[in-house]
Amino acid sequence: MITVSHLSKSYGRRTVVDDLSFELVAGRITGFVGPNGAGKSTTMRMMVGLARPDAGRVTYDGATFAELAHPARTIGAVLDARAMHPGRSARNHLRAIAALGSLPSGRVDEVLHTVGLDDAGGQRVGGFSLGMRQRLAIAGALLGDPHILMLDEPANGLDPDGIRWLRTMLTDFATAGGTVFVSSHFIAELATFADDLVVVGNGRLITAEPLVRTLERDPGRTLEDIVLDLTRHTARHTAA
Ligand SMILES: Nc1ncnc2c1ncn2[C@@H]1O[C@H](COP(=O)(O)OP(=O)(O)O)[C@@H](O)[C@H]1O
Ligand SMILES: [Mg+2]
C-alpha cells in the first residue's frame, strides 16, 4: 500500500499541491487526472524524492522513499521521457541506469525486449521518436524489476499500436500483483483499463475512488465528461 498523506508544496507564493491525500493499492491501476497545472507531475516528483514536500508524507508499506533499502527494485518511475542523452545508444542508456541503481546489466536486453525495442538497442537515442523514447524510458523503469510503476503521461507520443502495447503491459503488471500509478490526458483511454481514479484540480483532491464509482456519479455519461465537469471550475489554463 502506498499512502500519500496531506502532501503540500508551494513554489513562491503559489500552492501547487494542497493537502493532497490518497492511497494506491497493489494489483490495481490508478489513473491520475486533472487539468494542466493541477499538480500531478509535482506530486509524482515528490513521491520519488525529486521534489521536497513542504508538508505531508508518502509511505511505501510504511517506509518513506528515502528509507527504502532498494528504491530501484521497489519503484520504477518515468517522469520525463525526453530527459535522455541523445548521443547514447538505447542499450548504453539502460546500462548507465543499471549501473546507477546497482542492477545487473543482464537485465538490459530483457527490458529492451519487454518494450519491443529489441532491434533498436544499438541506435542512438537522439534519432528516436517520442514514442520510442517512451518505450525506452519504461524499459529503464522496469530494469530493477520493481513492484510499483509510476508513469507521468506515458501515452504522449505513442502511436495506436504503442498505446495498445502500453495498456496491455500495465494490465499485465497489475494482474501480476504490481501497483500502477499513471497520469494521462487521455481519459477515455484510461477508462478502458484503470481500476481506480484520482482526480485533482488546483493541487487539491477532487475524488479518489474506484473508477466505477466515478462513473456512477453521472450514469450514462462518459468518464471524460464526468471528469471535465468535476474539474471545470479548477481549470487554470497555465502552460504547464
Ligand atoms: N520547479 C518549479 N518551479 C516553479 N513552478 C513550478 C515548478 N514545477 C511546477 N511548477 C508549477 O506548478 C504547477 C503544477 O505543475 P505540474 O505539477 O507540472 O502540473 P500538472 O502535471 O498537473 O500539469 C504549475 O503551475 C507549474 O507551472
Ligand atoms: Mg504534468
# chains A, B, ... in the order shown; residues from 1 in each chain; ligands from 1

$ residues_near_ligand --ligand "ligand 2" --cutoff "9 Å" --atoms "only C-alpha atoms and all ligand atoms" --output "list of chain:residue names"
A:Pro35, A:Asn36, A:Gly37, A:Ala38, A:Gly39, A:Lys40, A:Ser41, A:Thr42, A:Met44, A:Leu79, A:Asp152, A:Glu153, A:Ser183, A:Ser184, A:Ala240

$ write_last_selection --atoms "C-alpha atoms" --output "PDB file, in the first residue's frame"
ATOM      1  CA  PRO A  35      -6.158  19.859 -15.987  1.00  0.00           C
ATOM      2  CA  ASN A  36      -2.696  21.140 -16.912  1.00  0.00           C
ATOM      3  CA  GLY A  37      -1.079  22.723 -13.889  1.00  0.00           C
ATOM      4  CA  ALA A  38      -3.200  20.711 -11.411  1.00  0.00           C
ATOM      5  CA  GLY A  39      -0.035  19.476  -9.696  1.00  0.00           C
ATOM      6  CA  LYS A  40       0.122  15.893 -10.989  1.00  0.00           C
ATOM      7  CA  SER A  41       3.778  15.941 -12.052  1.00  0.00           C
ATOM      8  CA  THR A  42       4.811  17.764  -8.881  1.00  0.00           C
ATOM      9  CA  MET A  44       4.756  12.310  -8.645  1.00  0.00           C
ATOM     10  CA  LEU A  79       8.694  11.299 -15.146  1.00  0.00           C
ATOM     11  CA  ASP A 152       3.736  10.557 -15.998  1.00  0.00           C
ATOM     12  CA  GLU A 153       1.848  10.937 -19.289  1.00  0.00           C
ATOM     13  CA  SER A 183      -1.211  10.156 -15.210  1.00  0.00           C
ATOM     14  CA  SER A 184      -2.874  10.798 -18.534  1.00  0.00           C
ATOM     15  CA  ALA A 240       2.330  23.514 -17.622  1.00  0.00           C
TER      16      ALA A 240
END

$ residues_around --residues "A:Met132" --least-positions-apart "5" --cutoff "9 Å" --atoms "only C-alpha atoms" --output "list in words"
Leu117, Val125, Ala137, Gly157, Leu158 and Gly162 of chain A

$ write_last_selection --atoms "N, CA and C atoms" --output "short mmCIF file (atom, residue, chain, number, x, y, z; two decimals), in the first residue's frame"
data_model
loop_
_atom_site.label_atom_id
_atom_site.label_comp_id
_atom_site.auth_asym_id
_atom_site.auth_seq_id
_atom_site.Cartn_x
_atom_site.Cartn_y
_atom_site.Cartn_z
N LEU A 117 11.83 -3.03 -28.17
CA LEU A 117 12.93 -2.31 -28.82
C LEU A 117 14.13 -3.22 -29.07
N VAL A 125 19.82 7.37 -29.13
CA VAL A 125 18.55 7.88 -28.62
C VAL A 125 18.13 9.17 -29.35
N ALA A 137 12.14 4.73 -21.94
CA ALA A 137 12.05 5.21 -20.56
C ALA A 137 11.36 4.16 -19.68
N GLY A 157 2.86 10.82 -27.41
CA GLY A 157 3.81 10.46 -28.46
C GLY A 157 3.70 9.02 -28.93
N LEU A 158 2.86 8.23 -28.27
CA LEU A 158 2.70 6.84 -28.72
C LEU A 158 1.69 6.77 -29.86
N GLY A 162 1.37 1.60 -30.06
CA GLY A 162 2.08 1.83 -28.81
C GLY A 162 1.12 1.98 -27.64
#

$ atom_distance --atom1 "atom CA of A:Leu103" --atom2 "atom CA of A:Arg73"
8.4 Å

$ residues_around --residues "stretch 20-24 of chain A" --least-positions-apart "5" --cutoff "6 Å" --atoms "only C-alpha atoms" --output "mmCIF file with C-alpha atoms, in the first residue's frame"
data_model
loop_
_atom_site.group_PDB
_atom_site.id
_atom_site.type_symbol
_atom_site.label_atom_id
_atom_site.label_comp_id
_atom_site.auth_asym_id
_atom_site.auth_seq_id
_atom_site.Cartn_x
_atom_site.Cartn_y
_atom_site.Cartn_z
ATOM 1 C CA MET A 1 0.000 0.000 0.000
ATOM 2 C CA ILE A 2 1.245 3.449 -0.954
ATOM 3 C CA THR A 3 -0.105 6.244 1.174
ATOM 4 C CA VAL A 4 0.042 9.886 0.147
ATOM 5 C CA SER A 5 -0.821 11.850 3.229
ATOM 6 C CA HIS A 6 -1.558 15.572 3.413
ATOM 7 C CA LEU A 7 1.067 16.425 0.808
ATOM 8 C CA ARG A 204 -6.420 19.716 -4.396
ATOM 9 C CA LEU A 205 -8.070 16.341 -4.310
#

$ select_by_dssp --residues "stretch 33-139 of chain A" --states "helix (DSSP H, G or I)" --output "PyMOL selection string"
chain A and resi 40-47+65-67+71-74+90-100+107-114+118-120+125-127+130-139

$ write_last_selection --atoms "N, CA and C atoms" --output "compact mmCIF listing (two decimals), in the first residue's frame"
# COMPACT_ATOMS: atom_id res chain seq x y z
N LYS A 40 -0.11 17.34 -10.86
CA LYS A 40 0.12 15.89 -10.99
C LYS A 40 1.62 15.56 -11.03
N SER A 41 2.34 16.25 -11.92
CA SER A 41 3.78 15.94 -12.05
C SER A 41 4.52 16.28 -10.76
N THR A 42 4.16 17.38 -10.13
CA THR A 42 4.81 17.76 -8.88
C THR A 42 4.56 16.70 -7.81
N THR A 43 3.34 16.19 -7.76
CA THR A 43 3.01 15.13 -6.79
C THR A 43 3.88 13.90 -7.04
N MET A 44 3.97 13.50 -8.31
CA MET A 44 4.76 12.31 -8.65
C MET A 44 6.24 12.52 -8.31
N ARG A 45 6.72 13.73 -8.58
CA ARG A 45 8.12 14.02 -8.26
C ARG A 45 8.37 13.92 -6.75
N MET A 46 7.42 14.41 -5.97
CA MET A 46 7.58 14.32 -4.51
C MET A 46 7.53 12.87 -4.04
N MET A 47 6.75 12.04 -4.75
CA MET A 47 6.61 10.64 -4.33
C MET A 47 7.92 9.88 -4.44
N PHE A 65 10.23 7.08 0.89
CA PHE A 65 11.09 6.75 -0.25
C PHE A 65 12.56 6.69 0.19
N ALA A 66 12.97 7.67 1.00
CA ALA A 66 14.37 7.73 1.45
C ALA A 66 14.73 6.53 2.32
N GLU A 67 13.74 5.92 2.94
CA GLU A 67 14.01 4.77 3.82
C GLU A 67 14.05 3.44 3.07
N PRO A 71 15.51 1.32 -3.63
CA PRO A 71 14.49 2.09 -4.34
C PRO A 71 14.27 1.62 -5.78
N ALA A 72 15.35 1.33 -6.52
CA ALA A 72 15.20 0.96 -7.93
C ALA A 72 14.54 -0.41 -8.08
N ARG A 73 14.60 -1.22 -7.03
CA ARG A 73 13.94 -2.53 -7.08
C ARG A 73 12.52 -2.46 -6.54
N THR A 74 12.16 -1.31 -6.00
CA THR A 74 10.83 -1.15 -5.41
C THR A 74 9.91 -0.40 -6.36
N ALA A 90 20.46 3.22 -27.08
CA ALA A 90 19.41 2.79 -26.13
C ALA A 90 20.02 1.83 -25.10
N ARG A 91 20.86 0.92 -25.59
CA ARG A 91 21.44 -0.08 -24.68
C ARG A 91 22.36 0.60 -23.66
N ASN A 92 23.15 1.56 -24.12
CA ASN A 92 24.05 2.25 -23.18
C ASN A 92 23.29 3.12 -22.20
N HIS A 93 22.17 3.68 -22.65
CA HIS A 93 21.31 4.45 -21.75
C HIS A 93 20.87 3.54 -20.59
N LEU A 94 20.43 2.34 -20.94
CA LEU A 94 19.94 1.41 -19.91
C LEU A 94 21.08 0.89 -19.04
N ARG A 95 22.26 0.69 -19.67
CA ARG A 95 23.42 0.23 -18.87
C ARG A 95 23.79 1.27 -17.81
N ALA A 96 23.67 2.56 -18.20
CA ALA A 96 24.00 3.63 -17.26
C ALA A 96 23.02 3.62 -16.08
N ILE A 97 21.75 3.43 -16.38
CA ILE A 97 20.74 3.38 -15.30
C ILE A 97 21.00 2.16 -14.41
N ALA A 98 21.32 1.04 -15.05
CA ALA A 98 21.57 -0.19 -14.28
C ALA A 98 22.75 0.03 -13.33
N ALA A 99 23.79 0.67 -13.84
CA ALA A 99 24.98 0.90 -13.01
C ALA A 99 24.64 1.80 -11.82
N LEU A 100 23.86 2.86 -12.10
CA LEU A 100 23.49 3.79 -11.02
C LEU A 100 22.66 3.11 -9.95
N ARG A 107 19.96 -7.50 -17.28
CA ARG A 107 18.54 -7.13 -17.43
C ARG A 107 18.30 -6.25 -18.65
N VAL A 108 19.39 -5.58 -19.13
CA VAL A 108 19.22 -4.58 -20.19
C VAL A 108 18.54 -5.16 -21.42
N ASP A 109 19.04 -6.28 -21.91
CA ASP A 109 18.43 -6.85 -23.12
C ASP A 109 17.03 -7.40 -22.85
N GLU A 110 16.81 -7.88 -21.62
CA GLU A 110 15.46 -8.36 -21.28
C GLU A 110 14.43 -7.24 -21.38
N VAL A 111 14.77 -6.08 -20.78
CA VAL A 111 13.77 -4.99 -20.79
C VAL A 111 13.63 -4.37 -22.18
N LEU A 112 14.71 -4.36 -22.97
CA LEU A 112 14.58 -3.89 -24.36
C LEU A 112 13.56 -4.76 -25.10
N HIS A 113 13.60 -6.06 -24.81
CA HIS A 113 12.64 -6.99 -25.41
C HIS A 113 11.23 -6.71 -24.90
N THR A 114 11.11 -6.51 -23.59
CA THR A 114 9.78 -6.26 -22.99
C THR A 114 9.08 -5.08 -23.64
N ASP A 118 13.89 -4.51 -29.22
CA ASP A 118 15.00 -5.46 -29.41
C ASP A 118 15.96 -5.01 -30.51
N ASP A 119 15.40 -4.53 -31.61
CA ASP A 119 16.22 -4.20 -32.78
C ASP A 119 16.82 -2.80 -32.71
N ALA A 120 16.43 -2.03 -31.71
CA ALA A 120 16.87 -0.63 -31.66
C ALA A 120 17.93 -0.39 -30.59
N VAL A 125 19.82 7.37 -29.13
CA VAL A 125 18.55 7.88 -28.62
C VAL A 125 18.13 9.17 -29.35
N GLY A 126 19.14 9.93 -29.81
CA GLY A 126 18.86 11.19 -30.49
C GLY A 126 17.98 11.03 -31.72
N GLY A 127 18.03 9.84 -32.33
CA GLY A 127 17.23 9.60 -33.52
C GLY A 127 15.88 8.97 -33.22
N LEU A 130 9.37 10.29 -30.14
CA LEU A 130 8.92 10.40 -28.75
C LEU A 130 8.35 9.07 -28.27
N GLY A 131 7.65 8.37 -29.17
CA GLY A 131 7.09 7.07 -28.81
C GLY A 131 8.17 6.06 -28.44
N MET A 132 9.27 6.04 -29.22
CA MET A 132 10.37 5.13 -28.89
C MET A 132 11.03 5.53 -27.58
N ARG A 133 11.12 6.84 -27.33
CA ARG A 133 11.69 7.30 -26.06
C ARG A 133 10.82 6.87 -24.88
N GLN A 134 9.49 6.93 -25.09
CA GLN A 134 8.59 6.48 -24.02
C GLN A 134 8.85 5.01 -23.73
N ARG A 135 8.97 4.22 -24.77
CA ARG A 135 9.23 2.79 -24.56
C ARG A 135 10.57 2.58 -23.85
N LEU A 136 11.59 3.34 -24.29
CA LEU A 136 12.90 3.19 -23.67
C LEU A 136 12.88 3.64 -22.20
N ALA A 137 12.14 4.73 -21.94
CA ALA A 137 12.05 5.21 -20.56
C ALA A 137 11.36 4.16 -19.68
N ILE A 138 10.34 3.52 -20.23
CA ILE A 138 9.64 2.47 -19.47
C ILE A 138 10.58 1.28 -19.25
N ALA A 139 11.41 0.98 -20.26
CA ALA A 139 12.41 -0.08 -20.10
C ALA A 139 13.32 0.24 -18.91

$ select_by_dssp --residues "stretch 13-238 of chain A" --states "strand (DSSP E or B)" --output "ChimeraX atom specification"
/A:14-24,29-33,55-60,63,75-78,89,124,148-152,179-183,196-201,204-210

$ write_last_selection --atoms "C-alpha atoms" --output "PDB file, in the first residue's frame"
ATOM      1  CA  ARG A  14       1.725  29.685  -5.338  1.00  0.00           C
ATOM      2  CA  THR A  15       0.460  26.463  -3.723  1.00  0.00           C
ATOM      3  CA  VAL A  16       0.667  23.814  -6.452  1.00  0.00           C
ATOM      4  CA  VAL A  17      -0.108  20.756  -4.280  1.00  0.00           C
ATOM      5  CA  ASP A  18      -2.543  21.446  -1.487  1.00  0.00           C
ATOM      6  CA  ASP A  19      -3.120  18.958   1.365  1.00  0.00           C
ATOM      7  CA  LEU A  20      -3.371  16.032  -1.045  1.00  0.00           C
ATOM      8  CA  SER A  21      -4.146  12.549   0.310  1.00  0.00           C
ATOM      9  CA  PHE A  22      -4.902   9.260  -1.463  1.00  0.00           C
ATOM     10  CA  GLU A  23      -3.841   5.628  -1.475  1.00  0.00           C
ATOM     11  CA  LEU A  24      -2.580   3.263  -4.162  1.00  0.00           C
ATOM     12  CA  ILE A  29      -4.038   0.518 -11.846  1.00  0.00           C
ATOM     13  CA  THR A  30      -4.718   4.001 -10.535  1.00  0.00           C
ATOM     14  CA  GLY A  31      -5.222   6.761 -13.078  1.00  0.00           C
ATOM     15  CA  PHE A  32      -4.208  10.309 -12.144  1.00  0.00           C
ATOM     16  CA  VAL A  33      -6.066  13.062 -13.984  1.00  0.00           C
ATOM     17  CA  ALA A  55       4.205  19.280   4.394  1.00  0.00           C
ATOM     18  CA  GLY A  56       2.868  15.755   4.417  1.00  0.00           C
ATOM     19  CA  ARG A  57       4.480  12.447   3.541  1.00  0.00           C
ATOM     20  CA  VAL A  58       4.397   9.493   1.202  1.00  0.00           C
ATOM     21  CA  THR A  59       4.964   5.985   2.525  1.00  0.00           C
ATOM     22  CA  TYR A  60       5.525   2.640   0.822  1.00  0.00           C
ATOM     23  CA  ALA A  63       8.536   3.426   4.746  1.00  0.00           C
ATOM     24  CA  ILE A  75       9.573   1.558  -7.726  1.00  0.00           C
ATOM     25  CA  GLY A  76      10.163   2.290 -11.396  1.00  0.00           C
ATOM     26  CA  ALA A  77       9.246   5.804 -12.463  1.00  0.00           C
ATOM     27  CA  VAL A  78       9.094   7.610 -15.793  1.00  0.00           C
ATOM     28  CA  SER A  89      22.575   4.189 -27.703  1.00  0.00           C
ATOM     29  CA  ARG A 124      21.337   6.483 -30.783  1.00  0.00           C
ATOM     30  CA  ILE A 148       5.460  -0.325  -8.386  1.00  0.00           C
ATOM     31  CA  LEU A 149       5.339   1.535 -11.717  1.00  0.00           C
ATOM     32  CA  MET A 150       4.742   5.263 -11.833  1.00  0.00           C
ATOM     33  CA  LEU A 151       4.365   6.882 -15.257  1.00  0.00           C
ATOM     34  CA  ASP A 152       3.736  10.557 -15.998  1.00  0.00           C
ATOM     35  CA  THR A 179       0.913  -1.296  -8.301  1.00  0.00           C
ATOM     36  CA  VAL A 180       0.487   1.120 -11.214  1.00  0.00           C
ATOM     37  CA  PHE A 181       0.094   4.895 -10.942  1.00  0.00           C
ATOM     38  CA  VAL A 182      -0.316   6.594 -14.290  1.00  0.00           C
ATOM     39  CA  SER A 183      -1.211  10.156 -15.210  1.00  0.00           C
ATOM     40  CA  ASP A 196      -9.105   3.464  -9.524  1.00  0.00           C
ATOM     41  CA  LEU A 197      -9.064   7.148 -10.348  1.00  0.00           C
ATOM     42  CA  VAL A 198      -7.541  10.129  -8.545  1.00  0.00           C
ATOM     43  CA  VAL A 199      -8.855  13.460  -9.843  1.00  0.00           C
ATOM     44  CA  VAL A 200      -7.092  16.701  -8.874  1.00  0.00           C
ATOM     45  CA  GLY A 201      -7.600  20.370  -9.634  1.00  0.00           C
ATOM     46  CA  ARG A 204      -6.420  19.716  -4.396  1.00  0.00           C
ATOM     47  CA  LEU A 205      -8.070  16.341  -4.310  1.00  0.00           C
ATOM     48  CA  ILE A 206     -11.411  16.221  -6.073  1.00  0.00           C
ATOM     49  CA  THR A 207     -12.071  12.459  -5.968  1.00  0.00           C
ATOM     50  CA  ALA A 208     -10.100   9.290  -5.189  1.00  0.00           C
ATOM     51  CA  GLU A 209     -12.187   6.173  -5.677  1.00  0.00           C
ATOM     52  CA  PRO A 210     -12.751   3.092  -7.831  1.00  0.00           C
TER      53      PRO A 210
END

$ atom_distance --atom1 "atom CA of A:Met84" --atom2 "atom CA of A:Gln123"
13.2 Å

$ closest_residue --among "A:Ala51, A:Thr231, A:Arg28, A:Pro86" --to "A:Leu211" --atoms "only C-alpha atoms"
A:Arg28

$ decode --residues "stretch 72-94 of chain A" --atoms "N, CA and C atoms" --output "tab-separated table (two decimals), in the first residue's frame"
chain	number	residue	atom	x	y	z
A	72	ALA	N	15.35	1.33	-6.52
A	72	ALA	CA	15.20	0.96	-7.93
A	72	ALA	C	14.54	-0.41	-8.08
A	73	ARG	N	14.60	-1.22	-7.03
A	73	ARG	CA	13.94	-2.53	-7.08
A	73	ARG	C	12.52	-2.46	-6.54
A	74	THR	N	12.16	-1.31	-6.00
A	74	THR	CA	10.83	-1.15	-5.41
A	74	THR	C	9.91	-0.40	-6.36
A	75	ILE	N	10.43	0.70	-6.90
A	75	ILE	CA	9.57	1.56	-7.73
A	75	ILE	C	10.31	1.99	-8.99
A	76	GLY	N	9.63	1.82	-10.12
A	76	GLY	CA	10.16	2.29	-11.40
A	76	GLY	C	9.33	3.47	-11.83
A	77	ALA	N	9.99	4.59	-12.13
A	77	ALA	CA	9.25	5.80	-12.46
A	77	ALA	C	9.72	6.38	-13.79
A	78	VAL	N	8.78	6.85	-14.58
A	78	VAL	CA	9.09	7.61	-15.79
A	78	VAL	C	8.43	8.97	-15.64
A	79	LEU	N	9.25	9.97	-15.37
A	79	LEU	CA	8.69	11.30	-15.15
A	79	LEU	C	8.93	12.22	-16.32
A	80	ASP	N	9.95	11.99	-17.11
A	80	ASP	CA	10.17	12.80	-18.31
A	80	ASP	C	10.94	11.98	-19.34
A	81	ALA	N	10.19	11.44	-20.29
A	81	ALA	CA	10.80	10.55	-21.27
A	81	ALA	C	11.76	11.29	-22.20
A	82	ARG	N	11.74	12.62	-22.15
A	82	ARG	CA	12.64	13.37	-23.05
A	82	ARG	C	14.03	13.54	-22.44
A	83	ALA	N	14.12	13.27	-21.12
A	83	ALA	CA	15.40	13.50	-20.43
A	83	ALA	C	16.37	12.35	-20.68
A	84	MET	N	16.94	12.33	-21.87
A	84	MET	CA	17.89	11.27	-22.22
A	84	MET	C	19.04	11.88	-23.01
A	85	HIS	N	20.22	11.32	-22.81
A	85	HIS	CA	21.39	11.79	-23.55
A	85	HIS	C	21.26	11.36	-25.01
A	86	PRO	N	21.19	12.34	-25.95
A	86	PRO	CA	20.89	11.98	-27.34
A	86	PRO	C	21.99	11.17	-28.03
A	87	GLY	N	23.22	11.29	-27.55
A	87	GLY	CA	24.32	10.62	-28.22
A	87	GLY	C	24.49	9.16	-27.80
A	88	ARG	N	23.79	8.76	-26.76
A	88	ARG	CA	23.92	7.39	-26.26
A	88	ARG	C	23.03	6.43	-27.02
A	89	SER	N	23.47	5.20	-27.15
A	89	SER	CA	22.58	4.19	-27.70
A	89	SER	C	21.57	3.81	-26.63
A	90	ALA	N	20.46	3.22	-27.08
A	90	ALA	CA	19.41	2.79	-26.13
A	90	ALA	C	20.02	1.83	-25.10
A	91	ARG	N	20.86	0.92	-25.59
A	91	ARG	CA	21.44	-0.08	-24.68
A	91	ARG	C	22.36	0.60	-23.66
A	92	ASN	N	23.15	1.56	-24.12
A	92	ASN	CA	24.05	2.25	-23.18
A	92	ASN	C	23.29	3.12	-22.20
A	93	HIS	N	22.17	3.68	-22.65
A	93	HIS	CA	21.31	4.45	-21.75
A	93	HIS	C	20.87	3.54	-20.59
A	94	LEU	N	20.43	2.34	-20.94
A	94	LEU	CA	19.94	1.41	-19.91
A	94	LEU	C	21.08	0.89	-19.04
